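Next comes run.txt, a file with compact mmCIF, C-alpha atoms and all ligand atoms.
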```
# COMPACT_ATOMS: atom_id res chain seq x y z
CA MET A 1 0.00 0.00 0.00
CA ALA A 2 1.24 3.53 -0.79
CA PHE A 3 0.47 6.54 1.40
CA ALA A 4 -1.58 8.10 -1.38
CA LEU A 5 -3.87 5.10 -1.45
CA SER A 6 -4.91 5.33 2.15
CA ILE A 7 -5.01 9.05 2.88
CA PRO A 8 -7.32 10.42 0.17
CA LEU A 9 -9.71 7.52 0.63
CA ASP A 10 -10.26 8.40 4.26
CA ALA A 11 -10.03 12.14 3.62
CA ALA A 12 -13.40 11.79 1.91
CA GLN A 13 -14.83 11.17 5.38
CA GLY A 14 -13.96 14.69 6.55
CA PRO A 15 -10.98 16.81 7.57
CA GLU A 16 -10.75 15.39 11.10
CA PHE A 17 -10.65 11.86 9.86
CA ALA A 18 -7.98 12.84 7.30
CA ARG A 19 -5.91 14.39 10.08
CA ASP A 20 -6.25 11.26 12.18
CA VAL A 21 -5.32 8.99 9.29
CA CYS A 22 -2.26 11.11 8.59
CA LEU A 23 -1.22 10.88 12.25
CA LEU A 24 -1.79 7.14 12.34
CA MET A 25 0.27 6.76 9.17
CA ALA A 26 3.07 8.74 10.83
CA GLU A 27 2.81 6.48 13.86
CA ALA A 28 2.90 3.31 11.78
CA THR A 29 5.93 4.40 9.77
CA GLY A 30 7.89 6.37 12.36
CA LEU A 31 7.86 9.40 10.04
CA ASP A 32 6.57 12.79 11.03
CA ARG A 33 3.30 14.11 9.64
CA ALA A 34 4.94 16.48 7.15
CA GLN A 35 6.93 13.61 5.63
CA VAL A 36 3.76 11.56 5.28
CA LEU A 37 2.12 14.38 3.32
CA ILE A 38 5.03 15.15 1.01
CA GLU A 39 5.84 11.54 0.12
CA PRO A 40 2.52 10.18 -1.19
CA ASP A 41 4.24 7.60 -3.42
CA ARG A 42 6.30 6.00 -0.70
CA ARG A 43 5.19 2.41 -0.23
CA LEU A 44 4.57 0.92 3.19
CA THR A 45 6.36 -2.24 4.20
CA HIS A 46 4.12 -5.17 5.15
CA GLU A 47 4.90 -4.52 8.78
CA GLU A 48 4.03 -0.80 8.51
CA GLU A 49 0.83 -1.60 6.65
CA ALA A 50 -0.26 -4.12 9.28
CA LYS A 51 0.46 -1.61 12.04
CA PHE A 52 -1.40 1.16 10.20
CA LEU A 53 -4.49 -0.98 9.61
CA HIS A 54 -4.48 -2.03 13.26
CA LEU A 55 -4.31 1.60 14.42
CA VAL A 56 -7.16 2.62 12.09
CA ALA A 57 -9.28 -0.26 13.39
CA GLU A 58 -8.63 0.84 16.99
CA ARG A 59 -9.59 4.43 16.15
CA ARG A 60 -12.78 3.20 14.48
CA LYS A 61 -13.72 1.48 17.75
CA GLY A 62 -14.11 4.99 19.15
CA LYS A 63 -10.89 5.29 21.15
CA SER A 64 -9.26 8.71 21.22
CA LEU A 65 -6.24 9.26 19.02
CA ALA A 66 -4.06 9.53 22.12
CA HIS A 67 -5.16 6.14 23.40
CA VAL A 68 -4.72 4.53 20.00
CA VAL A 69 -1.12 5.70 19.60
CA GLY A 70 -0.37 5.65 23.34
CA HIS A 71 1.04 9.12 23.61
CA VAL A 72 0.09 12.79 23.45
CA ALA A 73 1.96 16.07 23.12
CA PHE A 74 1.82 18.52 26.02
CA TRP A 75 3.93 21.66 26.54
CA ASN A 76 6.20 20.49 23.75
CA ARG A 77 6.92 17.09 25.25
CA ARG A 78 5.55 13.65 24.52
CA PHE A 79 3.72 11.84 27.34
CA ARG A 80 2.75 8.20 27.38
CA VAL A 81 -0.95 7.60 28.11
CA THR A 82 -2.96 4.45 28.72
CA GLU A 83 -6.60 3.87 29.58
CA ASP A 84 -5.54 4.15 33.24
CA VAL A 85 -5.12 7.92 32.99
CA LEU A 86 -6.87 11.05 31.77
CA VAL A 87 -5.50 12.18 28.41
CA PRO A 88 -3.77 15.55 28.99
CA ARG A 89 -5.70 18.36 27.29
CA PRO A 90 -4.22 21.55 25.80
CA GLU A 91 -6.33 23.63 28.25
CA THR A 92 -4.19 22.33 31.10
CA GLU A 93 -1.26 24.28 29.65
CA THR A 94 -2.99 27.37 31.11
CA LEU A 95 -2.26 25.97 34.58
CA ILE A 96 1.38 25.31 33.61
CA ALA A 97 1.87 28.86 32.30
CA LEU A 98 0.46 30.31 35.51
CA ALA A 99 2.54 28.06 37.78
CA LEU A 100 5.72 29.06 35.90
CA GLU A 101 5.08 32.76 36.48
CA GLU A 102 6.82 32.47 39.88
CA PRO A 103 9.75 30.36 41.05
CA PHE A 104 9.14 27.44 43.42
CA ARG A 105 11.43 25.01 45.22
CA ASP A 106 8.98 22.20 45.78
CA LEU A 107 5.56 21.25 44.51
CA LEU A 108 2.76 18.85 45.27
CA ASP A 109 0.56 17.57 42.41
CA LEU A 110 -2.70 16.05 43.64
CA GLY A 111 -4.33 13.44 41.38
CA THR A 112 -1.39 13.39 38.99
CA GLY A 113 -2.71 10.79 36.51
CA SER A 114 -0.16 10.57 33.69
CA GLY A 115 2.08 12.89 35.73
CA VAL A 116 1.83 15.53 33.04
CA ILE A 117 1.63 18.56 35.35
CA ALA A 118 4.33 17.58 37.86
CA VAL A 119 6.71 16.27 35.18
CA THR A 120 6.30 19.35 32.99
CA LEU A 121 6.85 21.73 35.91
CA LEU A 122 9.94 19.88 37.15
CA ALA A 123 11.33 19.61 33.62
CA GLU A 124 10.92 23.39 33.29
CA CYS A 125 12.36 24.16 36.76
CA GLN A 126 15.56 22.16 37.07
CA ASP A 127 16.17 23.14 40.73
CA ALA A 128 12.74 22.14 42.02
CA VAL A 129 11.61 18.84 43.56
CA GLY A 130 8.12 17.49 44.01
CA ILE A 131 5.60 14.91 45.11
CA ALA A 132 2.88 13.64 42.80
CA CYS A 133 0.07 11.56 44.25
CA ASP A 134 -2.83 9.61 42.86
CA ILE A 135 -5.34 7.19 44.34
CA SER A 136 -4.71 4.88 41.38
CA ALA A 137 -1.62 2.64 41.44
CA THR A 138 -1.91 2.01 37.69
CA ALA A 139 -1.92 5.75 37.01
CA LEU A 140 1.19 6.16 39.18
CA ALA A 141 2.98 3.56 37.05
CA VAL A 142 2.26 5.68 33.96
CA ALA A 143 3.44 8.82 35.78
CA GLU A 144 6.64 7.05 36.78
CA GLY A 145 7.40 6.17 33.15
CA ASN A 146 6.80 9.77 32.10
CA ALA A 147 9.00 11.09 34.92
CA ARG A 148 11.80 8.80 33.72
CA SER A 149 11.48 9.64 30.07
CA HIS A 150 11.69 13.36 30.84
CA GLY A 151 14.62 13.00 33.22
CA VAL A 152 12.87 14.15 36.41
CA ALA A 153 12.41 10.80 38.19
CA ASP A 154 15.15 11.63 40.71
CA ARG A 155 13.32 14.84 41.69
CA LEU A 156 9.75 13.51 41.74
CA HIS A 157 8.47 11.26 44.50
CA LEU A 158 5.30 9.33 43.62
CA GLU A 159 2.85 8.46 46.38
CA GLN A 160 -0.43 6.56 46.38
CA SER A 161 -2.80 8.86 48.25
CA ASP A 162 -6.44 9.92 48.30
CA TRP A 163 -5.84 13.69 48.02
CA PHE A 164 -3.88 14.71 51.17
CA GLU A 165 -4.43 11.44 53.05
CA CYS A 166 -0.80 10.19 52.91
CA ILE A 167 0.87 13.56 52.32
CA GLY A 168 3.06 15.34 54.84
CA GLY A 169 5.14 18.49 54.63
CA ASP A 170 4.77 22.02 53.30
CA TYR A 171 5.11 23.15 49.70
CA ASP A 172 5.63 26.35 47.74
CA LEU A 173 3.16 25.22 45.13
CA ILE A 174 0.19 22.84 45.12
CA VAL A 175 -1.33 22.03 41.75
CA SER A 176 -4.18 19.80 40.66
CA ASN A 177 -6.37 18.94 37.70
CA PRO A 178 -8.94 16.96 39.67
CA PRO A 179 -12.08 15.27 38.35
CA TYR A 180 -14.63 18.07 37.99
CA ILE A 181 -17.36 16.98 35.60
CA THR A 182 -20.81 16.80 37.21
CA GLU A 183 -22.62 13.48 37.43
CA ASP A 184 -25.24 14.71 34.91
CA ALA A 185 -22.69 16.08 32.40
CA TYR A 186 -20.72 12.83 32.60
CA ALA A 187 -23.71 10.96 31.21
CA ASP A 188 -23.60 13.16 28.07
CA LEU A 189 -19.87 12.93 27.33
CA ALA A 190 -18.54 11.94 23.91
CA PRO A 191 -18.01 8.16 23.66
CA GLU A 192 -14.23 8.49 23.23
CA VAL A 193 -13.95 10.16 26.65
CA LEU A 194 -15.48 7.03 28.16
CA HIS A 195 -12.19 5.22 27.44
CA GLU A 196 -10.68 7.37 30.21
CA PRO A 197 -11.08 6.35 33.87
CA ARG A 198 -14.34 7.60 35.34
CA ILE A 199 -12.63 8.66 38.58
CA ALA A 200 -10.32 10.95 36.61
CA LEU A 201 -13.26 12.81 35.09
CA THR A 202 -16.05 13.03 37.64
CA PRO A 203 -16.27 12.97 41.42
CA GLY A 204 -20.05 12.55 40.95
CA GLY A 205 -22.73 14.95 42.22
CA ASP A 206 -22.08 18.64 41.58
CA GLY A 207 -18.49 18.07 40.40
CA LEU A 208 -16.98 20.04 43.30
CA ALA A 209 -16.08 17.28 45.80
CA ALA A 210 -12.38 17.26 44.89
CA TYR A 211 -12.13 21.05 45.32
CA ARG A 212 -13.73 20.73 48.77
CA ALA A 213 -11.16 18.10 49.77
CA ILE A 214 -8.25 20.10 48.35
CA THR A 215 -9.18 23.53 49.72
CA ALA A 216 -10.00 22.10 53.16
CA GLU A 217 -6.34 21.16 53.74
CA ALA A 218 -4.37 23.32 51.33
CA GLN A 219 -3.39 25.94 53.92
CA THR A 220 -1.97 23.19 56.17
CA HIS A 221 0.40 22.08 53.38
CA LEU A 222 1.39 25.43 51.88
CA ARG A 223 4.25 27.59 53.07
CA PRO A 224 3.26 31.19 53.83
CA ARG A 225 2.49 32.92 50.49
CA GLY A 226 2.58 29.53 48.77
CA ARG A 227 0.26 29.05 45.84
CA LEU A 228 -2.66 26.69 45.17
CA ILE A 229 -3.52 26.42 41.46
CA VAL A 230 -6.29 24.12 40.18
CA GLU A 231 -7.91 23.46 36.84
CA ILE A 232 -11.69 23.91 36.72
CA GLY A 233 -14.62 23.38 34.35
CA TYR A 234 -15.55 26.51 32.37
CA ASP A 235 -18.61 27.21 34.56
CA GLN A 236 -17.06 26.50 37.97
CA GLY A 237 -15.04 29.70 38.48
CA ALA A 238 -17.35 31.37 40.99
CA ALA A 239 -17.99 28.21 43.02
CA VAL A 240 -14.34 27.17 43.26
CA ALA A 241 -13.15 30.74 43.98
CA GLU A 242 -15.68 30.78 46.84
CA LEU A 243 -14.22 27.52 48.24
CA PHE A 244 -10.74 29.09 48.08
CA ARG A 245 -11.97 32.14 50.03
CA GLU A 246 -13.84 30.02 52.58
CA ALA A 247 -10.55 28.16 53.17
CA GLY A 248 -8.89 31.53 53.96
CA LEU A 249 -6.79 31.71 50.80
CA ASP A 250 -5.71 35.13 49.61
CA GLU A 251 -5.42 36.77 46.17
CA VAL A 252 -7.99 34.37 44.72
CA ALA A 253 -8.34 34.78 40.96
CA VAL A 254 -10.05 32.95 38.10
CA HIS A 255 -7.99 32.68 34.89
CA ALA A 256 -9.21 31.96 31.35
CA ASP A 257 -7.68 29.54 28.83
CA LEU A 258 -6.74 30.43 25.25
CA ASP A 259 -10.37 29.98 24.20
CA GLY A 260 -11.35 32.67 26.72
CA ARG A 261 -13.16 30.22 28.99
CA ASP A 262 -12.55 30.09 32.75
CA ARG A 263 -10.06 27.26 33.28
CA VAL A 264 -7.93 27.83 36.39
CA VAL A 265 -8.41 29.15 39.92
CA ALA A 266 -5.36 30.31 41.86
CA GLY A 267 -4.91 31.55 45.42
CA ARG A 268 -2.20 32.12 47.98
CA SER A 269 -1.85 30.94 51.54
CA THR A 270 -1.81 33.51 54.33
N1 LIG B 301 -11.09 18.71 30.68
C1 LIG B 301 -11.66 17.42 30.80
C2 LIG B 301 -12.92 17.30 29.97
O1 LIG B 301 -13.62 18.28 29.84
C3 LIG B 301 -11.98 17.09 32.24
C4 LIG B 301 -10.77 16.96 33.04
C5 LIG B 301 -11.09 16.81 34.48
O2 LIG B 301 -12.16 16.39 34.91
N2 LIG B 301 -10.13 17.16 35.23
O3 LIG B 301 -13.21 16.25 29.45
```

Could you write out this structure as structure tokens?
Amino acid sequence: MAFALSIPLDAAQGPEFARDVCLLMAEATGLDRAQVLIEPDRRLTHEEEAKFLHLVAERRKGKSLAHVVGHVAFWNRRFRVTEDVLVPRPETETLIALALEEPFRDLLDLGTGSGVIAVTLLAECQDAVGIACDISATALAVAEGNARSHGVADRLHLEQSDWFECIGGDYDLIVSNPPYITEDAYADLAPEVLHEPRIALTPGGDGLAAYRAITAEAQTHLRPRGRLIVEIGYDQGAAVAELFREAGLDEVAVHADLDGRDRVVAGRST
């Protein structure tokens, strides 16, 4: 099979499908996407063709592209993902940008999943150390692999913990992208999202349970003037900011993502 045979055929099914096919072709051949597009006559080896057809079949089952190829790009790095973790979304880069606005020596990432937030922040701040926790042991195994592949494993301690349950110490920075989808909204999610762990997406009920758990103890684990920064759903700004204030946090602010939708709440300990 030549590239040209597979790509235009599937392109007829729409631009998104064409993009996916191009990415899957790149994955199957080890080329980058640009090479796939400029070499339409290159022929696939039998092995590449078998891999490509397998990847297309997986995508057709409704799995996200990230789960099909097993990795996703975030803040210019590649992270491994499995069905044990939430797939990192571009919106979460808003939290990273905000966290990097000030220096920090140590951080705590609550509900780390693939480890994307803690690993990115430690990779960007070579002098910092951190703890990343998750209730899921299988998620922690994915985070560990990502910490290794980005050279931060010696500065990141991984801990199995239900929010603060097994966490001691004080930190300059606490970050989290907790499950925040409401029970009702979860029922309406796109089928490909259902390949992600339910506990990574929704705490049930009104979607705020994780923020209640985090804000209740954040001050205990932050150094004076330390920062708490959490990702939120686009309509949760007011409610989460109120939880921050009730917990006595200072300088509470809601920040928008690149689409202009509320995405992050930040506050500072007193
Ligand atoms: N941003 C994800 C979504 O909308 C949710 C991530 C989360 O719950 N932390 O699917």

Handout entry: Shell of 7 Å around ligand LIG 301 (chain B) (all atoms listed in the file), written as a VMD selection string
Key = chain A and resid 89 177 to 181 193 200 to 202 231 233

Those residues with C-alpha atoms, as a short mmCIF file (atom, residue, chain, number, x, y, z; two decimals), in the coordinates of the input please?
```cif
data_model
loop_
_atom_site.label_atom_id
_atom_site.label_comp_id
_atom_site.auth_asym_id
_atom_site.auth_seq_id
_atom_site.Cartn_x
_atom_site.Cartn_y
_atom_site.Cartn_z
CA ARG A 89 -5.70 18.36 27.29
CA ASN A 177 -6.37 18.94 37.70
CA PRO A 178 -8.94 16.96 39.67
CA PRO A 179 -12.08 15.27 38.35
CA TYR A 180 -14.63 18.07 37.99
CA ILE A 181 -17.36 16.98 35.60
CA VAL A 193 -13.95 10.16 26.65
CA ALA A 200 -10.32 10.95 36.61
CA LEU A 201 -13.26 12.81 35.09
CA THR A 202 -16.05 13.03 37.64
CA GLU A 231 -7.91 23.46 36.84
CA GLY A 233 -14.62 23.38 34.35
#
```

**OP:** Excluding range 63-68 of chain A and residues on its chain fewer than 5 positions from it, collect all residues at most 8 Å away from it, counting all atoms listed in the file, and give them as an MDAnalysis selection string.
**Re:** chainID A and resid 20 55 58 81:83 87 192:193 195

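Across the model, the gap from CA of Leu173 in chain A to CA of Ala73 in chain A is 23.9 Å.
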
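Counting only C-alpha atoms, the residue from A:Ile232, A:Pro197, A:Leu249, A:Asp134 that sits nearest to Ala216 in chain A is A:Leu249.
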
Query - Sel. within 9 Å of pt (3.0, 22.3, 48.5), counting all atoms listed in the file, output as a PyMOL selection string - result: chain A and resi 106-109+130-131+169-175+218+221-223+226-228

### Task
Please tell me which residues are no farther than 12 Å from (-20.6, 27.1, 44.5) in the file, counting all atoms listed in the file, and write them as a list in words.
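Taken together, the residues in range are Asp206, Gly207, Leu208, Ala209, Tyr211, Arg212, Asp235, Gln236, Gly237, Ala238, Ala239, Val240, Ala241, Glu242, Leu243, Phe244, Arg245 and Glu246 of chain A.
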
Pick out the residues sitting within 12 Å of Ile117 in chain A, and hand them over as a short mmCIF file (atom, residue, chain, number, x, y, z; two decimals) with C-alpha atoms, in the frame of the given file; count all atoms listed in the file, and ignore anything fewer than 2 positions along from it in its own chain.
```cif
data_model
loop_
_atom_site.label_atom_id
_atom_site.label_comp_id
_atom_site.auth_asym_id
_atom_site.auth_seq_id
_atom_site.Cartn_x
_atom_site.Cartn_y
_atom_site.Cartn_z
CA PHE A 74 1.82 18.52 26.02
CA TRP A 75 3.93 21.66 26.54
CA ARG A 77 6.92 17.09 25.25
CA PHE A 79 3.72 11.84 27.34
CA LEU A 86 -6.87 11.05 31.77
CA VAL A 87 -5.50 12.18 28.41
CA PRO A 88 -3.77 15.55 28.99
CA ARG A 89 -5.70 18.36 27.29
CA PRO A 90 -4.22 21.55 25.80
CA GLU A 91 -6.33 23.63 28.25
CA THR A 92 -4.19 22.33 31.10
CA GLU A 93 -1.26 24.28 29.65
CA THR A 94 -2.99 27.37 31.11
CA LEU A 95 -2.26 25.97 34.58
CA ILE A 96 1.38 25.31 33.61
CA ALA A 97 1.87 28.86 32.30
CA LEU A 98 0.46 30.31 35.51
CA ALA A 99 2.54 28.06 37.78
CA LEU A 100 5.72 29.06 35.90
CA LEU A 107 5.56 21.25 44.51
CA LEU A 108 2.76 18.85 45.27
CA ASP A 109 0.56 17.57 42.41
CA LEU A 110 -2.70 16.05 43.64
CA GLY A 111 -4.33 13.44 41.38
CA THR A 112 -1.39 13.39 38.99
CA GLY A 113 -2.71 10.79 36.51
CA SER A 114 -0.16 10.57 33.69
CA GLY A 115 2.08 12.89 35.73
CA VAL A 119 6.71 16.27 35.18
CA THR A 120 6.30 19.35 32.99
CA LEU A 121 6.85 21.73 35.91
CA LEU A 122 9.94 19.88 37.15
CA ALA A 123 11.33 19.61 33.62
CA GLU A 124 10.92 23.39 33.29
CA GLY A 130 8.12 17.49 44.01
CA ILE A 131 5.60 14.91 45.11
CA ALA A 132 2.88 13.64 42.80
CA CYS A 133 0.07 11.56 44.25
CA ALA A 143 3.44 8.82 35.78
CA ASN A 146 6.80 9.77 32.10
CA ALA A 147 9.00 11.09 34.92
CA LEU A 156 9.75 13.51 41.74
CA LEU A 173 3.16 25.22 45.13
CA ILE A 174 0.19 22.84 45.12
CA VAL A 175 -1.33 22.03 41.75
CA SER A 176 -4.18 19.80 40.66
CA ASN A 177 -6.37 18.94 37.70
CA PRO A 178 -8.94 16.96 39.67
CA ILE A 229 -3.52 26.42 41.46
CA VAL A 230 -6.29 24.12 40.18
CA GLU A 231 -7.91 23.46 36.84
#
```

Between A:Lys51, A:Tyr186, A:Gly168, A:Asp41, smallest distance to Ala26 in chain A by all atoms listed in the file belongs to A:Lys51

| field | Thr29 in chain A surroundings by all atoms listed in the file, 9 Å radius, close-in-sequence under 3 positions cut, as a list in words | value | Leu24, Met25, Ala26, Asp32, Val36, Leu44, Thr45, Glu48, Glu49, Lys51 and Phe52 of chain A

- Task: One decimal, Å: what's the distance from CA of Ala139 in chain A over to CA of Gly151 in chain A, could you say?
- Result: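 Computing it gives 18.5 Å between the two atoms.
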
In Å to one decimal, how far is CA of Gly145 in chain A from CA of Glu27 in chain A?
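Taking CA of Glu27 in chain A as the start and CA of Gly145 in chain A as the end point, the length is 19.8 Å.
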
Q: Go through A:Ala190, A:Cys125, A:Glu196, A:Thr215 and flag the residue nearest Phe164 in chain A, using all atoms listed in the file for the distances.
A: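 Closest candidate: A:Thr215.
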
Checklist line | Residue among A:Pro224, A:Tyr234, A:Gly30, A:Arg148 lying closest to Arg263 in chain A, counting all atoms listed in the file | finding: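 Closest candidate: A:Tyr234.
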
- So which one's closest to Gly70 in chain A, A:Val142, A:Glu102, A:Ala213, A:Ala137? Using all atoms listed in the file, please.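 Comparing A:Val142, A:Glu102, A:Ala213, A:Ala137 against Gly70 in chain A, the winner is A:Val142.
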
| Top pick for closest residue to Val21 in chain A, considering A:His150, A:Arg59, A:Arg105, A:Arg43 and counting all atoms listed in the file |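 Answer, going by the shortest atom-to-atom distance: A:Arg59.
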
Contacts of Arg225 in chain A at 9 Å (only C-alpha atoms; same-chain gap of 6+ positions) as a list in words = Asp172, Asp250, Arg268, Ser269 and Thr270 of chain A

Resulting file, chosen residues, C-alpha atoms, as a PDB file, in the coordinates of the input:
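Done, and the output landed in again_9.pdb:
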```
ATOM      1  CA  ASP A 172       5.630  26.350  47.740  1.00  0.00           C
ATOM      2  CA  ASP A 250      -5.710  35.130  49.610  1.00  0.00           C
ATOM      3  CA  ARG A 268      -2.200  32.120  47.980  1.00  0.00           C
ATOM      4  CA  SER A 269      -1.850  30.940  51.540  1.00  0.00           C
ATOM      5  CA  THR A 270      -1.810  33.510  54.330  1.00  0.00           C
TER       6      THR A 270
END
```
